[in-house]
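Raw contents of final_8.csv, CSV, C-alpha atoms and all ligand atoms:
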chain,number,residue,atom,x,y,z
U,288,MET,CA,0.0,0.0,0.0
U,289,PRO,CA,1.3,3.5,-0.8
U,290,ILE,CA,2.1,6.1,1.8
U,291,ILE,CA,-0.4,8.8,1.5
U,292,ALA,CA,0.7,12.4,2.1
U,293,PRO,CA,-2.1,15.0,1.7
U,294,SER,CA,-0.7,18.4,0.8
U,295,LEU,CA,-2.1,21.1,3.1
U,296,LEU,CA,-1.5,23.7,0.4
U,297,ALA,CA,-5.1,22.8,-0.8
U,298,SER,CA,-6.6,22.8,2.7
U,299,ASN,CA,-8.8,25.6,4.2
U,300,PHE,CA,-6.2,27.9,6.0
U,301,LEU,CA,-9.0,29.5,8.0
U,302,ARG,CA,-9.8,26.1,9.5
U,303,LEU,CA,-6.4,24.4,9.9
U,304,GLU,CA,-7.2,22.8,13.2
U,305,ASP,CA,-10.3,21.1,11.7
U,306,GLU,CA,-8.2,20.0,8.7
U,307,CYS,CA,-5.6,18.4,11.1
U,308,LYS,CA,-8.4,16.7,13.0
U,309,MET,CA,-9.7,15.2,9.8
U,310,LEU,CA,-6.2,14.0,8.7
U,311,ASN,CA,-5.7,12.5,12.2
U,312,GLU,CA,-8.8,10.5,11.9
U,313,SER,CA,-8.0,9.4,8.3
U,314,ASN,CA,-5.6,6.9,6.8
U,315,ALA,CA,-3.2,9.7,5.9
U,316,ASP,CA,0.4,8.7,6.7
U,317,TRP,CA,2.2,12.0,6.4
U,318,PHE,CA,1.4,15.7,6.3
U,319,HIS,CA,2.9,17.1,3.2
U,320,LEU,CA,3.9,20.7,3.9
U,321,ASP,CA,4.8,22.9,0.9
U,322,VAL,CA,7.0,25.9,1.6
U,323,MET,CA,7.6,28.4,-1.1
U,324,ASP,CA,9.7,31.6,-1.2
U,325,GLY,CA,8.5,33.5,-4.3
U,326,MET,CA,12.0,33.1,-5.7
U,327,PHE,CA,12.6,29.4,-6.5
U,328,VAL,CA,8.9,29.3,-7.5
U,329,PRO,CA,6.6,32.1,-8.5
U,330,ASN,CA,4.4,31.7,-5.4
U,331,ILE,CA,4.6,32.1,-1.6
U,332,SER,CA,2.8,29.7,0.7
U,333,PHE,CA,3.4,29.4,4.4
U,334,GLY,CA,6.5,28.9,6.6
U,335,LEU,CA,7.9,28.2,10.0
U,336,PRO,CA,5.4,29.7,12.4
U,337,VAL,CA,2.5,27.8,10.7
U,338,ILE,CA,4.3,24.5,10.8
U,339,ALA,CA,5.2,25.0,14.5
U,340,GLN,CA,1.6,25.5,15.3
U,341,LEU,CA,0.5,22.5,13.2
U,342,ARG,CA,3.0,20.4,15.1
U,343,LYS,CA,0.8,20.8,18.2
U,344,ALA,CA,-2.2,19.3,16.4
U,345,THR,CA,-0.9,15.9,15.2
U,346,THR,CA,1.7,13.2,15.9
U,347,LYS,CA,1.8,12.2,12.2
U,348,VAL,CA,5.0,12.6,10.1
U,349,PHE,CA,5.8,16.0,8.8
U,350,ASP,CA,7.1,15.8,5.3
U,351,VAL,CA,8.3,19.2,4.5
U,352,HIS,CA,8.9,20.1,0.8
U,353,LEU,CA,11.1,23.2,0.5
U,354,MET,CA,10.7,25.1,-2.7
U,355,ILE,CA,13.2,27.7,-1.7
U,356,GLU,CA,16.6,28.9,-2.8
U,357,GLN,CA,19.6,27.9,-0.7
U,358,PRO,CA,17.5,25.7,1.7
U,359,GLU,CA,20.6,25.2,3.9
U,360,ARG,CA,19.9,28.5,5.5
U,361,TYR,CA,16.7,27.2,7.1
U,362,ALA,CA,17.2,23.4,7.7
U,363,GLU,CA,17.8,23.8,11.4
U,364,ASP,CA,14.7,26.1,11.8
U,365,PHE,CA,12.5,23.5,10.1
U,366,LYS,CA,13.8,20.8,12.4
U,367,LYS,CA,12.9,23.0,15.4
U,368,ALA,CA,9.5,23.7,13.9
U,369,GLY,CA,8.8,19.9,13.8
U,370,ALA,CA,9.9,18.6,10.4
U,371,ASP,CA,10.6,14.8,10.4
U,372,ARG,CA,11.6,14.8,6.8
U,373,LEU,CA,13.1,17.6,4.7
U,374,THR,CA,13.1,17.6,0.9
U,375,VAL,CA,15.1,20.1,-1.0
U,376,HIS,CA,15.2,20.8,-4.7
U,377,TYR,CA,18.1,19.6,-6.9
U,378,GLU,CA,17.7,22.9,-8.8
U,379,ALA,CA,17.9,25.1,-5.7
U,380,CYS,CA,21.2,23.7,-4.2
U,381,ARG,CA,24.7,24.5,-5.2
U,382,HIS,CA,26.2,21.9,-2.9
U,383,LEU,CA,23.5,19.3,-2.7
U,384,HIS,CA,25.6,16.6,-1.0
U,385,ARG,CA,26.5,19.0,1.8
U,386,ASN,CA,22.8,19.9,2.2
U,387,VAL,CA,21.8,16.3,2.4
U,388,GLN,CA,24.5,15.7,5.1
U,389,GLN,CA,23.2,18.7,7.0
U,390,ILE,CA,19.6,17.4,7.0
U,391,LYS,CA,20.7,14.0,8.2
U,392,ALA,CA,23.0,15.4,10.9
U,393,LEU,CA,20.0,17.4,12.2
U,394,GLY,CA,18.1,14.0,12.6
U,395,MET,CA,15.7,14.3,9.7
U,396,LYS,CA,15.2,12.1,6.7
U,397,ALA,CA,16.6,13.7,3.6
U,398,GLY,CA,14.8,14.0,0.3
U,399,VAL,CA,15.7,15.5,-3.1
U,400,ALA,CA,13.0,16.8,-5.4
U,401,LEU,CA,13.4,16.9,-9.2
U,402,ASN,CA,11.5,19.3,-11.4
U,403,PRO,CA,9.8,17.8,-14.5
U,404,ALA,CA,12.7,18.8,-16.8
U,405,THR,CA,15.4,17.4,-14.4
U,406,PRO,CA,16.4,13.8,-15.3
U,407,VAL,CA,16.5,11.1,-12.6
U,408,ASP,CA,20.0,10.1,-13.9
U,409,LEU,CA,21.5,13.3,-12.3
U,410,LEU,CA,21.0,11.6,-8.9
U,411,SER,CA,23.4,8.7,-9.9
U,412,ASP,CA,26.1,9.8,-7.5
U,413,LEU,CA,23.8,10.8,-4.6
U,414,LEU,CA,21.2,8.1,-4.5
U,415,GLN,CA,23.0,6.0,-1.9
U,416,ASP,CA,23.0,9.0,0.5
U,417,ILE,CA,19.3,10.0,0.4
U,418,ASP,CA,16.1,8.6,1.9
U,419,LEU,CA,13.7,9.8,-0.7
U,420,VAL,CA,13.4,11.2,-4.2
U,421,LEU,CA,10.4,13.4,-4.9
U,422,ILE,CA,9.5,13.5,-8.6
U,423,MET,CA,7.5,16.6,-9.4
U,424,SER,CA,4.7,15.6,-11.8
U,425,VAL,CA,3.7,19.3,-12.3
U,426,ASN,CA,5.9,22.4,-12.3
U,427,PRO,CA,6.3,23.4,-8.6
U,428,GLY,CA,4.5,26.4,-7.2
U,429,PHE,CA,0.8,25.7,-7.4
U,430,GLY,CA,-1.7,23.1,-6.6
U,431,GLY,CA,-4.5,21.9,-8.9
U,432,GLN,CA,-2.3,21.5,-12.1
U,433,GLN,CA,-2.5,18.7,-14.7
U,434,PHE,CA,-0.3,15.6,-14.2
U,435,ILE,CA,2.6,15.4,-16.7
U,436,PRO,CA,2.4,11.9,-18.3
U,437,HIS,CA,6.2,11.5,-18.9
U,438,THR,CA,6.5,11.2,-15.1
U,439,PHE,CA,5.7,7.5,-15.5
U,440,GLN,CA,8.9,7.0,-17.5
U,441,LYS,CA,10.9,8.8,-14.8
U,442,ILE,CA,9.4,6.6,-12.1
U,443,ARG,CA,10.2,3.4,-13.9
U,444,ASN,CA,13.8,4.6,-14.6
U,445,LEU,CA,14.4,5.6,-11.0
U,446,ARG,CA,12.8,2.4,-9.7
U,447,ARG,CA,15.3,0.4,-11.8
U,448,MET,CA,18.3,2.5,-10.5
U,449,ILE,CA,17.2,1.9,-6.9
U,450,HIS,CA,16.6,-1.8,-7.5
U,451,ASP,CA,19.9,-2.3,-9.3
U,452,ARG,CA,21.8,-0.8,-6.4
U,453,GLY,CA,19.9,-2.7,-3.8
U,454,LEU,CA,18.8,0.5,-2.1
U,455,ASP,CA,15.5,1.3,-0.2
U,456,THR,CA,15.1,4.9,-1.3
U,457,LEU,CA,11.5,6.0,-1.4
U,458,ILE,CA,9.9,7.4,-4.5
U,459,GLU,CA,7.4,10.2,-3.9
U,460,ILE,CA,5.1,11.7,-6.6
U,461,ASP,CA,3.9,15.2,-6.2
U,462,GLY,CA,1.4,17.0,-8.4
U,463,GLY,CA,-1.8,16.1,-10.2
U,464,VAL,CA,-2.3,12.9,-8.3
U,465,THR,CA,-5.9,11.7,-8.6
U,466,VAL,CA,-7.9,8.7,-7.6
U,467,GLU,CA,-7.8,7.7,-11.3
U,468,ASN,CA,-4.0,7.7,-11.7
U,469,SER,CA,-3.0,6.5,-8.2
U,470,THR,CA,-3.1,2.8,-9.0
U,471,SER,CA,-0.9,3.2,-12.1
U,472,LEU,CA,1.5,5.3,-10.2
U,473,SER,CA,1.8,2.7,-7.5
U,474,LYS,CA,2.3,0.0,-10.0
U,475,ALA,CA,5.0,2.0,-11.8
U,476,GLY,CA,7.0,2.1,-8.6
U,477,ALA,CA,5.8,5.1,-6.5
U,478,ASP,CA,6.0,4.6,-2.7
U,479,VAL,CA,4.5,7.9,-1.6
U,480,LEU,CA,1.6,9.8,-3.2
U,481,VAL,CA,1.1,13.5,-2.4
U,482,ALA,CA,-2.4,14.7,-3.0
U,483,GLY,CA,-3.7,18.3,-2.4
U,484,THR,CA,-6.7,19.1,-4.6
U,485,THR,CA,-7.8,15.5,-4.8
U,486,VAL,CA,-8.1,15.2,-1.0
U,487,PHE,CA,-9.1,18.7,0.2
U,488,HIS,CA,-11.5,19.6,-2.6
U,489,SER,CA,-13.4,16.3,-2.5
U,490,SER,CA,-16.8,16.1,-0.9
U,491,ASP,CA,-15.5,13.5,1.6
U,492,PRO,CA,-11.7,13.9,2.1
U,493,LYS,CA,-11.4,11.0,4.6
U,494,ALA,CA,-13.1,8.6,2.1
U,495,THR,CA,-10.8,9.9,-0.7
U,496,ILE,CA,-7.7,9.3,1.4
U,497,HIS,CA,-9.0,5.8,2.1
U,498,THR,CA,-9.5,5.2,-1.6
U,499,LEU,CA,-5.9,6.4,-2.4
U,500,LYS,CA,-4.5,4.3,0.3
U,501,ASN,CA,-6.1,1.1,-1.0
U,502,CYS,CA,-5.4,1.9,-4.7
U,503,ASN,CA,-3.4,-1.3,-5.3
N,1,LIG,C1,3.2,22.0,-5.8
N,1,LIG,C2,3.3,21.3,-4.5
N,1,LIG,C3,2.3,20.2,-4.4
N,1,LIG,C4,0.9,20.6,-4.5
N,1,LIG,C5,0.2,19.5,-5.1
N,1,LIG,O1,4.3,22.8,-6.0
N,1,LIG,O2,4.6,20.7,-4.3
N,1,LIG,O3,2.6,19.5,-3.2
N,1,LIG,O4,0.3,20.9,-3.3
N,1,LIG,O5,-1.1,19.9,-5.4
N,1,LIG,P1,-2.1,19.0,-6.2
N,1,LIG,O6,-2.2,17.7,-5.5
N,1,LIG,O7,-3.4,19.8,-6.2
N,1,LIG,O8,-1.6,18.9,-7.6
N,2,ZN,ZN,4.9,19.4,-2.6

Just dump the structure as structure tokens.
Ligand code: DX5
Ligand code: ZN
Amino acid sequence: MPIIAPSLLASNFLRLEDECKMLNESNADWFHLDVMDGMFVPNISFGLPVIAQLRKATTKVFDVHLMIEQPERYAEDFKKAGADRLTVHYEACRHLHRNVQQIKALGMKAGVALNPATPVDLLSDLLQDIDLVLIMSVNPGFGGQQFIPHTFQKIRNLRRMIHDRGLDTLIEIDGGVTVENSTSLSKAGADVLVAGTTVFHSSDPKATIHTLKNCN
């Protein structure tokens, strides 16, 4: 069964406590928290104080996706705010290996995110050092976008790389995940499915999470 990580970007920010309660009662495994700086991506979402408050409302895993330039400046702050896992973008890091070491030294699981145009092969010399690869299946910055079909090829290629090296790196898919494509994503090799719009804009978010969880 896939790990389900609802993205709170699509939640009702006026009622975050209720959204947490709903997720706590659901089959959701992780809280996916999208942080944007208006520089790496053309949008600004929420940051440290919001995450620190959310931390009081759940014991579930905080999967923080940093869409910010030079994320090493804030890794320690996100740990203090309650992040369990920290994912940084390949395209936003000048010294990615150092950033990964920093995240792990702080006691968090380290992830690397790839934009749609970034090939999975570029992780060839880092794969053994990271816990997760996040494949963006839309261009980062906004929820509610259309899934990019070429993502399937990237998942299959990455799955093969991980298998050939005998690693247990997780593959996370982020963007345009729906009830309809979740089964194929899982079958292609995705371990973690992020879903924002699909969960929070559905008439019954808990039932939708349940469906995603049991998609294969
Ligand atoms: C986009 C974010 C996603 C976003 C996904 O930059 O990384 O996590 O919330 O939203 P949906 O599921 O609506 O495509
Ligand atoms: Zn995300």

Inset, instruction - Please provide the set of residues having any atom within 10 Å of Leu353 of chain U, restricted to all atoms listed in the file, with same-chain residues fewer than 3 positions apart removed, written as a PyMOL selection string. - result: chain U and resi 320-324+327+334+350+356-358+361-362+365+373-376+379+398-400

Inset, instruction - For Asp491 of chain U, please output as a list in words all residues within 12 Å (counting all atoms listed in the file; exclusion window: fewer than 6 positions along the same chain). - result: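 Selected residues are Met309, Leu310, Ser313, Thr485, His497 and Thr498 of chain U.
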
Legend entry - Within-10 Å residues of ligand ZN 2 (chain N), basis all atoms listed in the file, as number ranges by chain: U: 292-296, 319-323, 350-354, 374, 400, 421-425, 427-430, 459-462, 481-483

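Relative to atom CA of Lys347 of chain U, atom CA of Asn311 of chain U is found at 7.5 Å.
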
Need the shell around Val466 of chain U: protein/DNA/RNA residues with any atom at most 7 Å away, counting only C-alpha atoms. Skip same-chain ones fewer than 2 positions apart. Format as a PDB file with C-alpha atoms, in the coordinates of the input?
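Result file follows (out_36.pdb):
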ATOM      1  CA  ASN U 468      -4.000   7.700 -11.700  1.00  0.00           C
ATOM      2  CA  SER U 469      -3.000   6.500  -8.200  1.00  0.00           C
ATOM      3  CA  LEU U 499      -5.900   6.400  -2.400  1.00  0.00           C
TER       4      LEU U 499
END

Legend entry - Which residue of U:Leu409, U:Val486, U:Ile390, U:Leu303 approaches ligand LIG 1 (chain N) most closely, using only C-alpha atoms and all ligand atoms: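 Of all the options, U:Val486 lies closest to ligand LIG 1 (chain N).
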
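Each of U:Phe318, U:Phe439, U:Tyr377, U:Phe300 was compared to ligand LIG 1 (chain N) using all atoms listed in the file, and U:Phe318 turns out to be the nearest.
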
Inset, instruction - Go through U:Gln340, U:Ser411, U:Thr465, U:Thr495 one by one, measure the shortest atom-to-atom distance of each to ligand LIG 1 (chain N) using only C-alpha atoms and all ligand atoms, and give the residue with the smallest value. - result: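 Of the candidates, the smallest distance to ligand LIG 1 (chain N) is held by U:Thr465.
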
Inset, instruction - With a distance cut-off of 12 Å and only C-alpha atoms, select the neighbouring residues of Thr346 of chain U, excluding the residue or stretch itself and same-chain residues fewer than 5 positions from it, and output the selection as an NGL selection string. - result: :U and (307-308 or 310-312 or 315-318 or 341 or 369-371)

Legend entry - Gap from atom CA of Arg385 of chain U to atom CA of Ile458 of chain U - Å, one decimal: 21.2 Å

Legend entry - Answer as a PyMOL selection string, residues within 12 Å of (14.9, -0.4, -10.0) using only C-alpha atoms: chain U and resi 407+414+441-458+475-477

Could the residues in this selection be written to a file with C-alpha atoms, as a PDB file, in the frame of the given file?
ATOM      1  CA  VAL U 407      16.500  11.100 -12.600  1.00  0.00           C
ATOM      2  CA  LEU U 414      21.200   8.100  -4.500  1.00  0.00           C
ATOM      3  CA  LYS U 441      10.900   8.800 -14.800  1.00  0.00           C
ATOM      4  CA  ILE U 442       9.400   6.600 -12.100  1.00  0.00           C
ATOM      5  CA  ARG U 443      10.200   3.400 -13.900  1.00  0.00           C
ATOM      6  CA  ASN U 444      13.800   4.600 -14.600  1.00  0.00           C
ATOM      7  CA  LEU U 445      14.400   5.600 -11.000  1.00  0.00           C
ATOM      8  CA  ARG U 446      12.800   2.400  -9.700  1.00  0.00           C
ATOM      9  CA  ARG U 447      15.300   0.400 -11.800  1.00  0.00           C
ATOM     10  CA  MET U 448      18.300   2.500 -10.500  1.00  0.00           C
ATOM     11  CA  ILE U 449      17.200   1.900  -6.900  1.00  0.00           C
ATOM     12  CA  HIS U 450      16.600  -1.800  -7.500  1.00  0.00           C
ATOM     13  CA  ASP U 451      19.900  -2.300  -9.300  1.00  0.00           C
ATOM     14  CA  ARG U 452      21.800  -0.800  -6.400  1.00  0.00           C
ATOM     15  CA  GLY U 453      19.900  -2.700  -3.800  1.00  0.00           C
ATOM     16  CA  LEU U 454      18.800   0.500  -2.100  1.00  0.00           C
ATOM     17  CA  ASP U 455      15.500   1.300  -0.200  1.00  0.00           C
ATOM     18  CA  THR U 456      15.100   4.900  -1.300  1.00  0.00           C
ATOM     19  CA  LEU U 457      11.500   6.000  -1.400  1.00  0.00           C
ATOM     20  CA  ILE U 458       9.900   7.400  -4.500  1.00  0.00           C
ATOM     21  CA  ALA U 475       5.000   2.000 -11.800  1.00  0.00           C
ATOM     22  CA  GLY U 476       7.000   2.100  -8.600  1.00  0.00           C
ATOM     23  CA  ALA U 477       5.800   5.100  -6.500  1.00  0.00           C
TER      24      ALA U 477
END

Inset, instruction - Report the distance between atom CA of Val328 of chain U and atom CA of Ala297 of chain U in Å, rounded to one decimal place. - result: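 Atom CA of Ala297 of chain U lies 16.8 Å from atom CA of Val328 of chain U.
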
Legend entry - Among listed residues U:Ile355, U:Leu401, U:Val348, U:Met288, nearest Pro329 of chain U (using all atoms listed in the file):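 Smallest distance to Pro329 of chain U is found for U:Ile355.
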
Inset, instruction - Return the single residue from U:Leu480, U:Ala494, U:Val420, U:Cys502 that is closest to ligand LIG 1 (chain N), with distances computed using only C-alpha atoms and all ligand atoms. - result: U:Leu480

Legend entry - Best match for closeness to ligand LIG 1 (chain N) among U:Leu410, U:Val387, U:Ile290, U:Ile435, counting all atoms listed in the file: U:Ile435

Fix up segment 341-361 of chain U with N, CA, C and O atoms, then write it as an mmCIF file, keeping the file's coordinate frame.
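The new file out_16.cif reads:
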data_model
loop_
_atom_site.group_PDB
_atom_site.id
_atom_site.type_symbol
_atom_site.label_atom_id
_atom_site.label_comp_id
_atom_site.auth_asym_id
_atom_site.auth_seq_id
_atom_site.Cartn_x
_atom_site.Cartn_y
_atom_site.Cartn_z
ATOM 1 N N LEU U 341 1.030 23.768 13.643
ATOM 2 C CA LEU U 341 0.500 22.500 13.200
ATOM 3 C C LEU U 341 1.030 21.329 13.999
ATOM 4 O O LEU U 341 0.336 20.348 14.280
ATOM 5 N N ARG U 342 2.313 21.461 14.365
ATOM 6 C CA ARG U 342 3.000 20.400 15.100
ATOM 7 C C ARG U 342 2.248 20.021 16.394
ATOM 8 O O ARG U 342 2.292 18.878 16.857
ATOM 9 N N LYS U 343 1.538 21.017 16.960
ATOM 10 C CA LYS U 343 0.800 20.800 18.200
ATOM 11 C C LYS U 343 -0.482 19.990 17.980
ATOM 12 O O LYS U 343 -1.102 19.520 18.920
ATOM 13 N N ALA U 344 -0.893 19.880 16.712
ATOM 14 C CA ALA U 344 -2.200 19.300 16.400
ATOM 15 C C ALA U 344 -2.146 17.870 15.882
ATOM 16 O O ALA U 344 -3.186 17.287 15.558
ATOM 17 N N THR U 345 -0.945 17.305 15.765
ATOM 18 C CA THR U 345 -0.900 15.900 15.200
ATOM 19 C C THR U 345 0.471 15.295 15.635
ATOM 20 O O THR U 345 1.447 15.998 15.905
ATOM 21 N N THR U 346 0.456 13.960 15.646
ATOM 22 C CA THR U 346 1.700 13.200 15.900
ATOM 23 C C THR U 346 2.183 12.581 14.560
ATOM 24 O O THR U 346 3.192 11.889 14.541
ATOM 25 N N LYS U 347 1.446 12.802 13.473
ATOM 26 C CA LYS U 347 1.800 12.200 12.200
ATOM 27 C C LYS U 347 3.107 12.841 11.646
ATOM 28 O O LYS U 347 3.485 13.935 12.056
ATOM 29 N N VAL U 348 3.726 12.119 10.730
ATOM 30 C CA VAL U 348 5.000 12.600 10.100
ATOM 31 C C VAL U 348 4.853 13.846 9.345
ATOM 32 O O VAL U 348 3.931 13.972 8.544
ATOM 33 N N PHE U 349 5.753 14.800 9.586
ATOM 34 C CA PHE U 349 5.800 16.000 8.800
ATOM 35 C C PHE U 349 6.806 15.920 7.683
ATOM 36 O O PHE U 349 8.015 15.850 7.919
ATOM 37 N N ASP U 350 6.275 15.897 6.476
ATOM 38 C CA ASP U 350 7.100 15.800 5.300
ATOM 39 C C ASP U 350 7.135 17.153 4.622
ATOM 40 O O ASP U 350 6.202 17.584 3.953
ATOM 41 N N VAL U 351 8.237 17.849 4.905
ATOM 42 C CA VAL U 351 8.300 19.200 4.500
ATOM 43 C C VAL U 351 9.054 19.344 3.130
ATOM 44 O O VAL U 351 10.179 18.869 2.988
ATOM 45 N N HIS U 352 8.382 19.946 2.170
ATOM 46 C CA HIS U 352 8.900 20.100 0.800
ATOM 47 C C HIS U 352 9.294 21.550 0.607
ATOM 48 O O HIS U 352 8.440 22.430 0.490
ATOM 49 N N LEU U 353 10.602 21.785 0.617
ATOM 50 C CA LEU U 353 11.100 23.200 0.500
ATOM 51 C C LEU U 353 11.290 23.562 -0.947
ATOM 52 O O LEU U 353 12.170 23.034 -1.630
ATOM 53 N N MET U 354 10.475 24.492 -1.388
ATOM 54 C CA MET U 354 10.700 25.100 -2.700
ATOM 55 C C MET U 354 11.255 26.448 -2.527
ATOM 56 O O MET U 354 10.633 27.473 -2.788
ATOM 57 N N ILE U 355 12.478 26.437 -1.986
ATOM 58 C CA ILE U 355 13.200 27.700 -1.700
ATOM 59 C C ILE U 355 14.621 27.625 -2.113
ATOM 60 O O ILE U 355 15.214 26.546 -2.174
ATOM 61 N N GLU U 356 15.180 28.770 -2.430
ATOM 62 C CA GLU U 356 16.600 28.900 -2.800
ATOM 63 C C GLU U 356 17.467 28.676 -1.561
ATOM 64 O O GLU U 356 17.098 29.109 -0.467
ATOM 65 N N GLN U 357 18.610 28.077 -1.739
ATOM 66 C CA GLN U 357 19.600 27.900 -0.700
ATOM 67 C C GLN U 357 18.944 27.367 0.630
ATOM 68 O O GLN U 357 19.016 28.023 1.676
ATOM 69 N N PRO U 358 18.306 26.227 0.578
ATOM 70 C CA PRO U 358 17.500 25.700 1.700
ATOM 71 C C PRO U 358 18.406 25.481 2.966
ATOM 72 O O PRO U 358 17.871 25.409 4.081
ATOM 73 N N GLU U 359 19.740 25.386 2.783
ATOM 74 C CA GLU U 359 20.600 25.200 3.900
ATOM 75 C C GLU U 359 20.484 26.262 4.991
ATOM 76 O O GLU U 359 20.745 26.058 6.168
ATOM 77 N N ARG U 360 20.028 27.422 4.570
ATOM 78 C CA ARG U 360 19.900 28.500 5.500
ATOM 79 C C ARG U 360 18.803 28.266 6.563
ATOM 80 O O ARG U 360 18.794 28.878 7.628
ATOM 81 N N TYR U 361 17.863 27.364 6.252
ATOM 82 C CA TYR U 361 16.700 27.200 7.100
ATOM 83 C C TYR U 361 16.521 25.740 7.655
ATOM 84 O O TYR U 361 15.563 25.485 8.375
#
